[in-house]
Each structure stands twice: as structure tokens, then as C-alpha cells.
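Raw contents of my_file.cif, mmCIF, N, CA and C atoms and all ligand atoms:
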data_model
#
loop_
_atom_site.label_atom_id
_atom_site.label_comp_id
_atom_site.auth_asym_id
_atom_site.auth_seq_id
_atom_site.Cartn_x
_atom_site.Cartn_y
_atom_site.Cartn_z
N MET P 1 -36.41 2.95 4.04
CA MET P 1 -35.04 2.57 4.38
C MET P 1 -34.52 1.59 3.35
N SER P 2 -33.32 1.87 2.85
CA SER P 2 -32.76 0.94 1.89
C SER P 2 -31.33 0.58 2.30
N THR P 3 -30.89 -0.53 1.81
CA THR P 3 -29.56 -1.00 2.12
C THR P 3 -28.64 -0.72 0.94
N HIS P 4 -27.55 -0.01 1.25
CA HIS P 4 -26.57 0.32 0.22
C HIS P 4 -25.39 -0.62 0.33
N PHE P 5 -24.67 -0.70 -0.77
CA PHE P 5 -23.47 -1.54 -0.74
C PHE P 5 -22.33 -0.79 -0.06
N SER P 6 -21.56 -1.51 0.76
CA SER P 6 -20.32 -0.96 1.30
C SER P 6 -19.34 -2.10 1.48
N ARG P 7 -18.12 -1.84 1.12
CA ARG P 7 -17.11 -2.88 1.29
C ARG P 7 -16.78 -3.05 2.78
N TYR P 8 -16.93 -1.98 3.53
CA TYR P 8 -16.62 -2.04 4.96
C TYR P 8 -17.83 -1.58 5.76
N PRO P 9 -18.87 -2.41 5.82
CA PRO P 9 -20.11 -1.96 6.46
C PRO P 9 -19.97 -1.72 7.96
N ASP P 10 -18.91 -2.22 8.57
CA ASP P 10 -18.76 -2.07 10.01
C ASP P 10 -18.01 -0.81 10.42
N ASP P 11 -17.50 -0.07 9.43
CA ASP P 11 -16.79 1.16 9.76
C ASP P 11 -17.73 2.16 10.43
N ASP P 12 -17.21 2.87 11.41
CA ASP P 12 -18.01 3.89 12.09
C ASP P 12 -17.97 5.20 11.32
N GLY P 13 -18.83 6.09 11.73
CA GLY P 13 -18.77 7.45 11.20
C GLY P 13 -19.58 7.62 9.94
N PRO P 14 -19.76 8.88 9.56
CA PRO P 14 -20.53 9.17 8.35
C PRO P 14 -19.84 8.58 7.14
N GLU P 15 -20.62 8.08 6.24
CA GLU P 15 -20.04 7.47 5.07
C GLU P 15 -20.95 7.67 3.89
N GLN P 16 -20.35 7.74 2.74
CA GLN P 16 -21.12 7.91 1.53
C GLN P 16 -21.21 6.58 0.80
N ALA P 17 -22.40 6.19 0.48
CA ALA P 17 -22.57 4.96 -0.28
C ALA P 17 -22.01 5.16 -1.68
N PRO P 18 -21.65 4.08 -2.34
CA PRO P 18 -21.09 4.20 -3.69
C PRO P 18 -22.04 4.90 -4.66
N CYS P 19 -23.34 4.86 -4.36
CA CYS P 19 -24.30 5.49 -5.26
C CYS P 19 -24.37 7.00 -5.02
N GLY P 20 -23.66 7.50 -4.01
CA GLY P 20 -23.61 8.94 -3.78
C GLY P 20 -24.46 9.39 -2.60
N VAL P 21 -25.25 8.49 -2.04
CA VAL P 21 -26.11 8.84 -0.90
C VAL P 21 -25.28 8.83 0.39
N TRP P 22 -25.46 9.88 1.21
CA TRP P 22 -24.79 9.88 2.50
C TRP P 22 -25.57 8.99 3.46
N ILE P 23 -24.83 8.13 4.13
CA ILE P 23 -25.46 7.16 5.00
C ILE P 23 -25.87 7.81 6.30
N GLY P 24 -27.12 7.65 6.66
CA GLY P 24 -27.60 8.15 7.94
C GLY P 24 -28.29 7.03 8.68
N ASP P 25 -29.04 7.42 9.69
CA ASP P 25 -29.73 6.42 10.49
C ASP P 25 -30.78 5.67 9.68
N ALA P 26 -31.26 6.29 8.65
CA ALA P 26 -32.34 5.69 7.87
C ALA P 26 -31.82 4.71 6.82
N SER P 27 -30.51 4.55 6.79
CA SER P 27 -29.96 3.68 5.76
C SER P 27 -29.15 2.57 6.39
N ASP P 28 -28.98 1.54 5.64
CA ASP P 28 -28.18 0.42 6.11
C ASP P 28 -27.09 0.14 5.08
N LEU P 29 -26.05 -0.52 5.54
CA LEU P 29 -24.95 -0.86 4.66
C LEU P 29 -24.71 -2.36 4.70
N SER P 30 -24.33 -2.90 3.58
CA SER P 30 -23.97 -4.31 3.56
C SER P 30 -22.92 -4.56 2.49
N SER P 31 -22.02 -5.48 2.77
CA SER P 31 -21.05 -5.86 1.76
C SER P 31 -21.58 -7.05 0.95
N ASP P 32 -22.79 -7.48 1.30
CA ASP P 32 -23.40 -8.62 0.63
C ASP P 32 -24.44 -8.11 -0.37
N TRP P 33 -24.15 -8.28 -1.63
CA TRP P 33 -25.04 -7.72 -2.67
C TRP P 33 -26.46 -8.27 -2.58
N SER P 34 -26.60 -9.48 -2.05
CA SER P 34 -27.94 -10.07 -1.98
C SER P 34 -28.82 -9.34 -0.98
N ARG P 35 -28.17 -8.55 -0.09
CA ARG P 35 -28.95 -7.78 0.90
C ARG P 35 -29.13 -6.33 0.48
N VAL P 36 -28.43 -5.93 -0.56
CA VAL P 36 -28.53 -4.54 -1.02
C VAL P 36 -29.82 -4.35 -1.80
N ASP P 37 -30.62 -3.37 -1.38
CA ASP P 37 -31.86 -3.13 -2.13
C ASP P 37 -31.96 -1.70 -2.65
N CYS P 38 -30.89 -0.92 -2.49
CA CYS P 38 -30.88 0.42 -3.07
C CYS P 38 -30.78 0.28 -4.60
N LYS P 39 -31.75 0.85 -5.29
CA LYS P 39 -31.80 0.67 -6.74
C LYS P 39 -30.60 1.30 -7.43
N ARG P 40 -30.14 2.43 -6.87
CA ARG P 40 -28.99 3.09 -7.50
C ARG P 40 -27.72 2.28 -7.31
N CYS P 41 -27.54 1.72 -6.11
CA CYS P 41 -26.37 0.87 -5.88
C CYS P 41 -26.41 -0.33 -6.83
N LEU P 42 -27.58 -0.94 -6.93
CA LEU P 42 -27.70 -2.12 -7.78
C LEU P 42 -27.42 -1.78 -9.25
N LYS P 43 -27.90 -0.60 -9.64
CA LYS P 43 -27.70 -0.18 -11.02
C LYS P 43 -26.21 -0.01 -11.32
N TRP P 44 -25.47 0.48 -10.31
CA TRP P 44 -24.04 0.75 -10.51
C TRP P 44 -23.15 -0.40 -10.06
N LYS P 45 -23.76 -1.55 -9.79
CA LYS P 45 -23.00 -2.67 -9.22
C LYS P 45 -21.71 -2.98 -10.00
N ASP P 46 -21.84 -3.10 -11.32
CA ASP P 46 -20.66 -3.47 -12.11
C ASP P 46 -19.55 -2.44 -11.98
N THR P 47 -19.94 -1.16 -12.03
CA THR P 47 -18.96 -0.08 -11.92
C THR P 47 -18.31 -0.08 -10.54
N ILE P 48 -19.16 -0.27 -9.51
CA ILE P 48 -18.67 -0.26 -8.14
C ILE P 48 -17.65 -1.39 -7.94
N MET P 49 -18.00 -2.57 -8.41
CA MET P 49 -17.09 -3.70 -8.22
C MET P 49 -15.81 -3.52 -9.04
N ALA P 50 -15.94 -2.98 -10.23
CA ALA P 50 -14.76 -2.76 -11.07
C ALA P 50 -13.82 -1.76 -10.40
N THR P 51 -14.40 -0.74 -9.76
CA THR P 51 -13.59 0.25 -9.06
C THR P 51 -12.85 -0.39 -7.91
N HIS P 52 -13.56 -1.24 -7.16
CA HIS P 52 -12.92 -1.90 -6.03
C HIS P 52 -11.78 -2.80 -6.48
N GLU P 53 -12.02 -3.51 -7.57
CA GLU P 53 -10.96 -4.40 -8.06
C GLU P 53 -9.75 -3.59 -8.50
N ALA P 54 -10.00 -2.47 -9.14
CA ALA P 54 -8.89 -1.62 -9.58
C ALA P 54 -8.11 -1.09 -8.38
N GLU P 55 -8.85 -0.69 -7.33
CA GLU P 55 -8.19 -0.20 -6.12
C GLU P 55 -7.34 -1.30 -5.49
N GLU P 56 -7.91 -2.50 -5.44
CA GLU P 56 -7.18 -3.59 -4.80
C GLU P 56 -5.94 -3.97 -5.58
N SER P 57 -6.05 -4.00 -6.89
CA SER P 57 -4.86 -4.38 -7.64
C SER P 57 -3.81 -3.27 -7.56
N ALA P 58 -4.25 -2.03 -7.40
CA ALA P 58 -3.29 -0.93 -7.22
C ALA P 58 -2.54 -1.09 -5.90
N ILE P 59 -3.25 -1.51 -4.86
CA ILE P 59 -2.63 -1.72 -3.56
C ILE P 59 -1.63 -2.86 -3.61
N VAL P 60 -2.06 -3.97 -4.25
CA VAL P 60 -1.16 -5.12 -4.38
C VAL P 60 0.10 -4.73 -5.14
N GLN P 61 -0.11 -3.97 -6.21
CA GLN P 61 1.02 -3.50 -7.02
C GLN P 61 1.97 -2.66 -6.18
N GLN P 62 1.39 -1.78 -5.37
CA GLN P 62 2.19 -0.88 -4.53
C GLN P 62 3.01 -1.67 -3.52
N MET P 63 2.37 -2.68 -2.92
CA MET P 63 3.09 -3.48 -1.94
C MET P 63 4.21 -4.27 -2.59
N GLY P 64 3.96 -4.75 -3.80
CA GLY P 64 5.01 -5.46 -4.53
C GLY P 64 6.19 -4.56 -4.81
N ASP P 65 5.89 -3.32 -5.23
CA ASP P 65 6.95 -2.36 -5.49
C ASP P 65 7.76 -2.08 -4.25
N MET P 66 7.07 -1.99 -3.12
CA MET P 66 7.74 -1.69 -1.86
C MET P 66 8.67 -2.83 -1.46
N ALA P 67 8.18 -4.06 -1.60
CA ALA P 67 9.01 -5.22 -1.27
C ALA P 67 10.24 -5.25 -2.16
N GLU P 68 10.03 -4.94 -3.42
CA GLU P 68 11.14 -4.90 -4.38
C GLU P 68 12.14 -3.83 -3.97
N PHE P 69 11.62 -2.68 -3.58
CA PHE P 69 12.46 -1.56 -3.16
C PHE P 69 13.27 -1.95 -1.93
N MET P 70 12.61 -2.59 -0.94
CA MET P 70 13.29 -3.00 0.28
C MET P 70 14.43 -3.95 -0.04
N LYS P 71 14.14 -4.90 -0.92
CA LYS P 71 15.15 -5.88 -1.28
C LYS P 71 16.36 -5.18 -1.89
N ARG P 72 16.06 -4.24 -2.78
CA ARG P 72 17.15 -3.52 -3.43
C ARG P 72 17.90 -2.66 -2.43
N GLU P 73 17.12 -2.10 -1.51
CA GLU P 73 17.66 -1.16 -0.56
C GLU P 73 18.66 -1.82 0.40
N VAL P 74 18.31 -3.00 0.91
CA VAL P 74 19.10 -3.57 1.98
C VAL P 74 20.40 -4.22 1.51
N ARG P 75 20.42 -4.72 0.27
CA ARG P 75 21.64 -5.38 -0.17
C ARG P 75 22.54 -4.40 -0.89
N GLN P 76 23.77 -4.39 -0.51
CA GLN P 76 24.68 -3.51 -1.21
C GLN P 76 25.98 -4.23 -1.50
N ASN P 77 26.75 -3.66 -2.39
CA ASN P 77 28.00 -4.30 -2.78
C ASN P 77 29.01 -4.26 -1.64
N ILE P 78 29.91 -5.20 -1.68
CA ILE P 78 30.98 -5.23 -0.69
C ILE P 78 31.96 -4.10 -1.03
N ASP P 79 32.09 -3.16 -0.12
CA ASP P 79 32.87 -1.96 -0.45
C ASP P 79 33.99 -1.69 0.54
N ARG P 80 34.27 -2.67 1.41
CA ARG P 80 35.33 -2.47 2.39
C ARG P 80 35.81 -3.82 2.90
N PRO P 81 36.95 -3.85 3.59
CA PRO P 81 37.41 -5.12 4.15
C PRO P 81 36.40 -5.68 5.16
N TRP P 82 36.34 -7.01 5.25
CA TRP P 82 35.36 -7.65 6.15
C TRP P 82 35.49 -7.15 7.57
N SER P 83 36.71 -6.86 8.00
CA SER P 83 36.94 -6.46 9.39
C SER P 83 36.32 -5.11 9.72
N GLU P 84 36.01 -4.33 8.68
CA GLU P 84 35.47 -2.99 8.94
C GLU P 84 33.95 -2.93 9.00
N TYR P 85 33.31 -4.05 8.72
CA TYR P 85 31.84 -4.06 8.82
C TYR P 85 31.42 -4.17 10.28
N PRO P 86 30.36 -3.49 10.66
CA PRO P 86 29.90 -3.53 12.06
C PRO P 86 29.26 -4.88 12.40
N ILE P 87 29.22 -5.14 13.70
CA ILE P 87 28.51 -6.32 14.19
C ILE P 87 27.06 -6.27 13.71
N GLY P 88 26.57 -7.41 13.26
CA GLY P 88 25.17 -7.44 12.80
C GLY P 88 25.06 -7.38 11.29
N THR P 89 26.18 -7.11 10.62
CA THR P 89 26.16 -7.09 9.16
C THR P 89 25.95 -8.50 8.64
N LYS P 90 25.16 -8.61 7.60
CA LYS P 90 24.97 -9.90 6.94
C LYS P 90 25.71 -9.88 5.62
N ALA P 91 26.42 -10.98 5.35
CA ALA P 91 27.05 -11.13 4.04
C ALA P 91 26.30 -12.25 3.32
N HIS P 92 25.77 -11.93 2.14
CA HIS P 92 24.93 -12.89 1.42
C HIS P 92 25.74 -13.71 0.43
N ALA P 93 25.56 -15.03 0.51
CA ALA P 93 26.23 -15.91 -0.45
C ALA P 93 25.43 -15.94 -1.74
N VAL P 94 26.14 -16.09 -2.82
CA VAL P 94 25.50 -16.05 -4.13
C VAL P 94 24.49 -17.19 -4.28
N MET P 95 24.73 -18.31 -3.64
CA MET P 95 23.82 -19.45 -3.75
C MET P 95 22.72 -19.43 -2.68
N GLY P 96 22.66 -18.39 -1.89
CA GLY P 96 21.66 -18.30 -0.82
C GLY P 96 22.32 -18.53 0.53
N GLY P 97 21.68 -18.07 1.57
CA GLY P 97 22.26 -18.14 2.90
C GLY P 97 23.12 -16.91 3.16
N HIS P 98 23.55 -16.78 4.40
CA HIS P 98 24.33 -15.59 4.72
C HIS P 98 25.22 -15.85 5.93
N TRP P 99 26.23 -15.05 6.04
CA TRP P 99 27.04 -15.01 7.25
C TRP P 99 26.62 -13.78 8.04
N LEU P 100 26.61 -13.90 9.36
CA LEU P 100 26.25 -12.79 10.22
C LEU P 100 27.45 -12.42 11.07
N LYS P 101 27.82 -11.16 11.02
CA LYS P 101 28.99 -10.74 11.80
C LYS P 101 28.65 -10.70 13.28
N THR P 102 29.43 -11.38 14.07
CA THR P 102 29.28 -11.38 15.53
C THR P 102 30.60 -10.92 16.13
N VAL P 103 30.66 -10.84 17.46
CA VAL P 103 31.91 -10.44 18.10
C VAL P 103 33.01 -11.46 17.84
N HIS P 104 32.62 -12.69 17.50
CA HIS P 104 33.62 -13.75 17.32
C HIS P 104 34.06 -13.90 15.87
N GLY P 105 33.34 -13.28 14.95
CA GLY P 105 33.67 -13.46 13.54
C GLY P 105 32.39 -13.51 12.73
N TRP P 106 32.43 -14.23 11.63
CA TRP P 106 31.28 -14.31 10.74
C TRP P 106 30.64 -15.67 10.88
N LYS P 107 29.40 -15.69 11.37
CA LYS P 107 28.71 -16.95 11.62
C LYS P 107 27.84 -17.32 10.43
N TRP P 108 28.11 -18.47 9.85
CA TRP P 108 27.26 -18.96 8.76
C TRP P 108 25.87 -19.28 9.33
N CYS P 109 24.82 -18.99 8.55
CA CYS P 109 23.46 -19.06 9.07
C CYS P 109 23.08 -20.41 9.66
N THR P 110 23.72 -21.48 9.20
CA THR P 110 23.35 -22.79 9.74
C THR P 110 24.50 -23.45 10.47
N GLY P 111 25.59 -22.75 10.69
CA GLY P 111 26.73 -23.48 11.24
C GLY P 111 27.75 -22.66 11.99
N SER P 112 28.98 -22.84 11.59
CA SER P 112 30.12 -22.38 12.37
C SER P 112 30.43 -20.92 12.10
N THR P 113 31.31 -20.40 12.93
CA THR P 113 31.79 -19.04 12.78
C THR P 113 33.16 -19.06 12.11
N PHE P 114 33.36 -18.18 11.15
CA PHE P 114 34.59 -18.10 10.39
C PHE P 114 35.21 -16.72 10.57
N PRO P 115 36.53 -16.63 10.30
CA PRO P 115 37.19 -15.32 10.40
C PRO P 115 36.62 -14.33 9.37
N THR P 116 36.26 -14.82 8.20
CA THR P 116 35.67 -13.97 7.16
C THR P 116 34.59 -14.79 6.45
N PRO P 117 33.66 -14.11 5.78
CA PRO P 117 32.69 -14.85 4.95
C PRO P 117 33.41 -15.58 3.83
N GLY P 118 32.72 -16.53 3.22
CA GLY P 118 33.32 -17.27 2.12
C GLY P 118 33.50 -16.43 0.87
N GLY P 119 34.21 -16.99 -0.07
CA GLY P 119 34.50 -16.28 -1.31
C GLY P 119 33.28 -16.07 -2.18
N ASP P 120 32.20 -16.79 -1.88
CA ASP P 120 30.99 -16.62 -2.69
C ASP P 120 30.04 -15.58 -2.12
N ALA P 121 30.50 -14.84 -1.11
CA ALA P 121 29.69 -13.72 -0.60
C ALA P 121 29.76 -12.59 -1.62
N THR P 122 28.62 -12.11 -2.08
CA THR P 122 28.62 -11.10 -3.13
C THR P 122 27.97 -9.79 -2.72
N SER P 123 27.24 -9.79 -1.61
CA SER P 123 26.59 -8.55 -1.19
C SER P 123 26.44 -8.57 0.33
N VAL P 124 26.19 -7.41 0.88
CA VAL P 124 26.03 -7.32 2.33
C VAL P 124 24.78 -6.52 2.68
N THR P 125 24.27 -6.77 3.87
CA THR P 125 23.21 -5.95 4.43
C THR P 125 23.73 -5.39 5.74
N LEU P 126 23.77 -4.08 5.84
CA LEU P 126 24.24 -3.47 7.08
C LEU P 126 23.15 -3.54 8.13
N PRO P 127 23.54 -3.61 9.39
CA PRO P 127 22.52 -3.63 10.45
C PRO P 127 21.71 -2.33 10.41
N SER P 128 20.44 -2.43 10.77
CA SER P 128 19.60 -1.24 10.69
C SER P 128 20.02 -0.24 11.75
N PRO P 129 19.91 1.05 11.45
CA PRO P 129 20.30 2.11 12.39
C PRO P 129 19.52 2.05 13.69
N ALA P 130 18.31 1.49 13.63
CA ALA P 130 17.45 1.41 14.81
C ALA P 130 17.99 0.40 15.82
N GLY P 131 19.01 -0.37 15.41
CA GLY P 131 19.62 -1.31 16.32
C GLY P 131 18.80 -2.58 16.55
N GLU P 132 17.97 -2.93 15.56
CA GLU P 132 17.21 -4.16 15.69
C GLU P 132 18.18 -5.33 15.68
N SER P 133 17.89 -6.33 16.48
CA SER P 133 18.77 -7.49 16.50
C SER P 133 18.46 -8.36 15.31
N GLN P 134 19.45 -8.64 14.57
CA GLN P 134 19.30 -9.53 13.41
C GLN P 134 20.44 -10.52 13.37
ZN ZN O 1 -27.22 3.17 -2.63
#
Is it possible to express this structure as C-alpha cells?
Ligand SMILES: [Zn+2]
Amino acid sequence: MSTHFSRYPDDDGPEQAPCGVWIGDASDLSSDWSRVDCKRCLKWKDTIMATHEAEESAIVQQMGDMAEFMKREVRQNIDRPWSEYPIGTKAHAVMGGHWLKTVHGWKWCTGSTFPTPGGDATSVTLPSPAGESQ
């Protein structure tokens, strides 16, 4: 019986060790290299770790792209009179902060409600179609 390396040793189900061996009852898995005694896993340690790092940085990159996409997606140019925006629309001020459209008008994020957003509002976020309260 030998212990193979696994990043997720607690996962259930059949699994293949990084060295190519299918894990069965006769094998053990560990994410701790000091407990790994499979010679093939140990031999490939550098490659295995490099692969994991590459996977992780790919995931981080993907999440960054998604956040960037969301940011781009939600803000749009002002394309109509303030009165025509639906309740829940946010108008973003160029210096930060936003007005939120309510039944009473446009409420500044930290203060009062105004008939329209200020002149420094440069973009808007429409309320989500799912009707989330924002
Ligand atoms: Zn192994």
C-alpha cells in the first residue's frame, strides 16, 4: 500500500493519482507530500505542483476576467431622460457613489433624495431583470 499525492484527498469516488495509478482500497491519498510514499508521485512532484499552480492561476485569471466583464456589463451610458429610468436604477457619479431611483426620486447613497441625479452622474446601472432589490 502506498500513499499518492492528491490535492483533494477527501473527495469521494474513484480517482486517479497524478502518477497515473487509479486509486483503490489498497491506496491512500494525501495532500501532504511528507506522507506521500509512492515513488512515481514523488518522482513527478515538481511537474505535479507546477501543473496545479498553472491550473490555479488560470482560475484566478478567469475570475478576474469575469469580474471585469460584470463591471463593464452593468454600467452603461445615460441614454434617456432621468424620468424614464425604472425604479432601482443606479446613477453613478464620476467621483464615486451613486443615486438610486426610488418612487420619490433619486436618492444619493449617503443622503437625501433629489428630483434628478447630479450633473456628475456619468453612467447608470439598470435594475436586474430578476427583480433583486438594490
Ligand atoms: Zn502515485
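Neighbours of ligand ZN 1 (chain O) at a cut-off of 7 Å, computed so that all atoms listed in the file are counted, are the residues P:Ser2, P:Thr3, P:His4, P:Phe5, P:Ala17, P:Pro18, P:Cys19, P:Gly20, P:Val21, P:Asp37, P:Cys38, P:Lys39, P:Arg40, P:Cys41, P:Leu42.
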Would you work out the distance separating CA of Ala58 in chain P from atom C of Ser30 in chain P, expressed in Å to one decimal?
22.2 Å
Which is closer to Asp32 in chain P than all the others in P:Ser6, P:Thr51, P:Ser83, P:Thr116, using only N, CA and C atoms?
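Going through P:Ser6, P:Thr51, P:Ser83, P:Thr116 one by one, the smallest distance to Asp32 in chain P is for P:Ser6.
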Contacts of range 87-98 of chain P at 7 Å (all atoms listed in the file; same-chain gap of 4+ positions) as number ranges by chain:
P: 102-103, 107-110, 117, 120-128, 134
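Relative to atom C of Met1 in chain P, CA of Ala26 in chain P is found at 6.5 Å.
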Please measure the separation of atom N of Val36 in chain P and CA of Ser57 in chain P, giving the value in Å to one decimal.
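Spanning atom N of Val36 in chain P to CA of Ser57 in chain P is a straight-line distance of 24.7 Å.
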Among range 21-73 of chain P, which ones does DSSP assign to strand (DSSP E) (computed from the backbone)? Answer as a ChimeraX atom specification.
/P:27-30
For the residues in that selection, give me N, CA and C atoms as a CSV table (one decimal), in the frame of the given file.
chain,number,residue,atom,x,y,z
P,27,SER,N,-30.5,4.6,6.8
P,27,SER,CA,-30.0,3.7,5.8
P,27,SER,C,-29.2,2.6,6.4
P,28,ASP,N,-29.0,1.5,5.6
P,28,ASP,CA,-28.2,0.4,6.1
P,28,ASP,C,-27.1,0.1,5.1
P,29,LEU,N,-26.0,-0.5,5.5
P,29,LEU,CA,-25.0,-0.9,4.7
P,29,LEU,C,-24.7,-2.4,4.7
P,30,SER,N,-24.3,-2.9,3.6
P,30,SER,CA,-24.0,-4.3,3.6
P,30,SER,C,-22.9,-4.6,2.5
Where is the centre and how long are the edges: axis-aligned box on range 91-94 of chain P, 6 Å on each side, Å to one decimal, as AutoDock Vina command-line options:
--center_x 25.8 --center_y -14.1 --center_z 0.5 --size_x 14.6 --size_y 18.2 --size_z 21.6
Closest to Glu56 in chain P among P:Val74, P:Arg7, P:Leu29, P:Ile23, using only C-alpha atoms?
P:Arg7
Got a sec to tell me which of range 2-101 of chain P DSSP assigns to helix (DSSP H, G or I), as number ranges by chain?
P: 33-35, 39-43, 45-74, 82-84
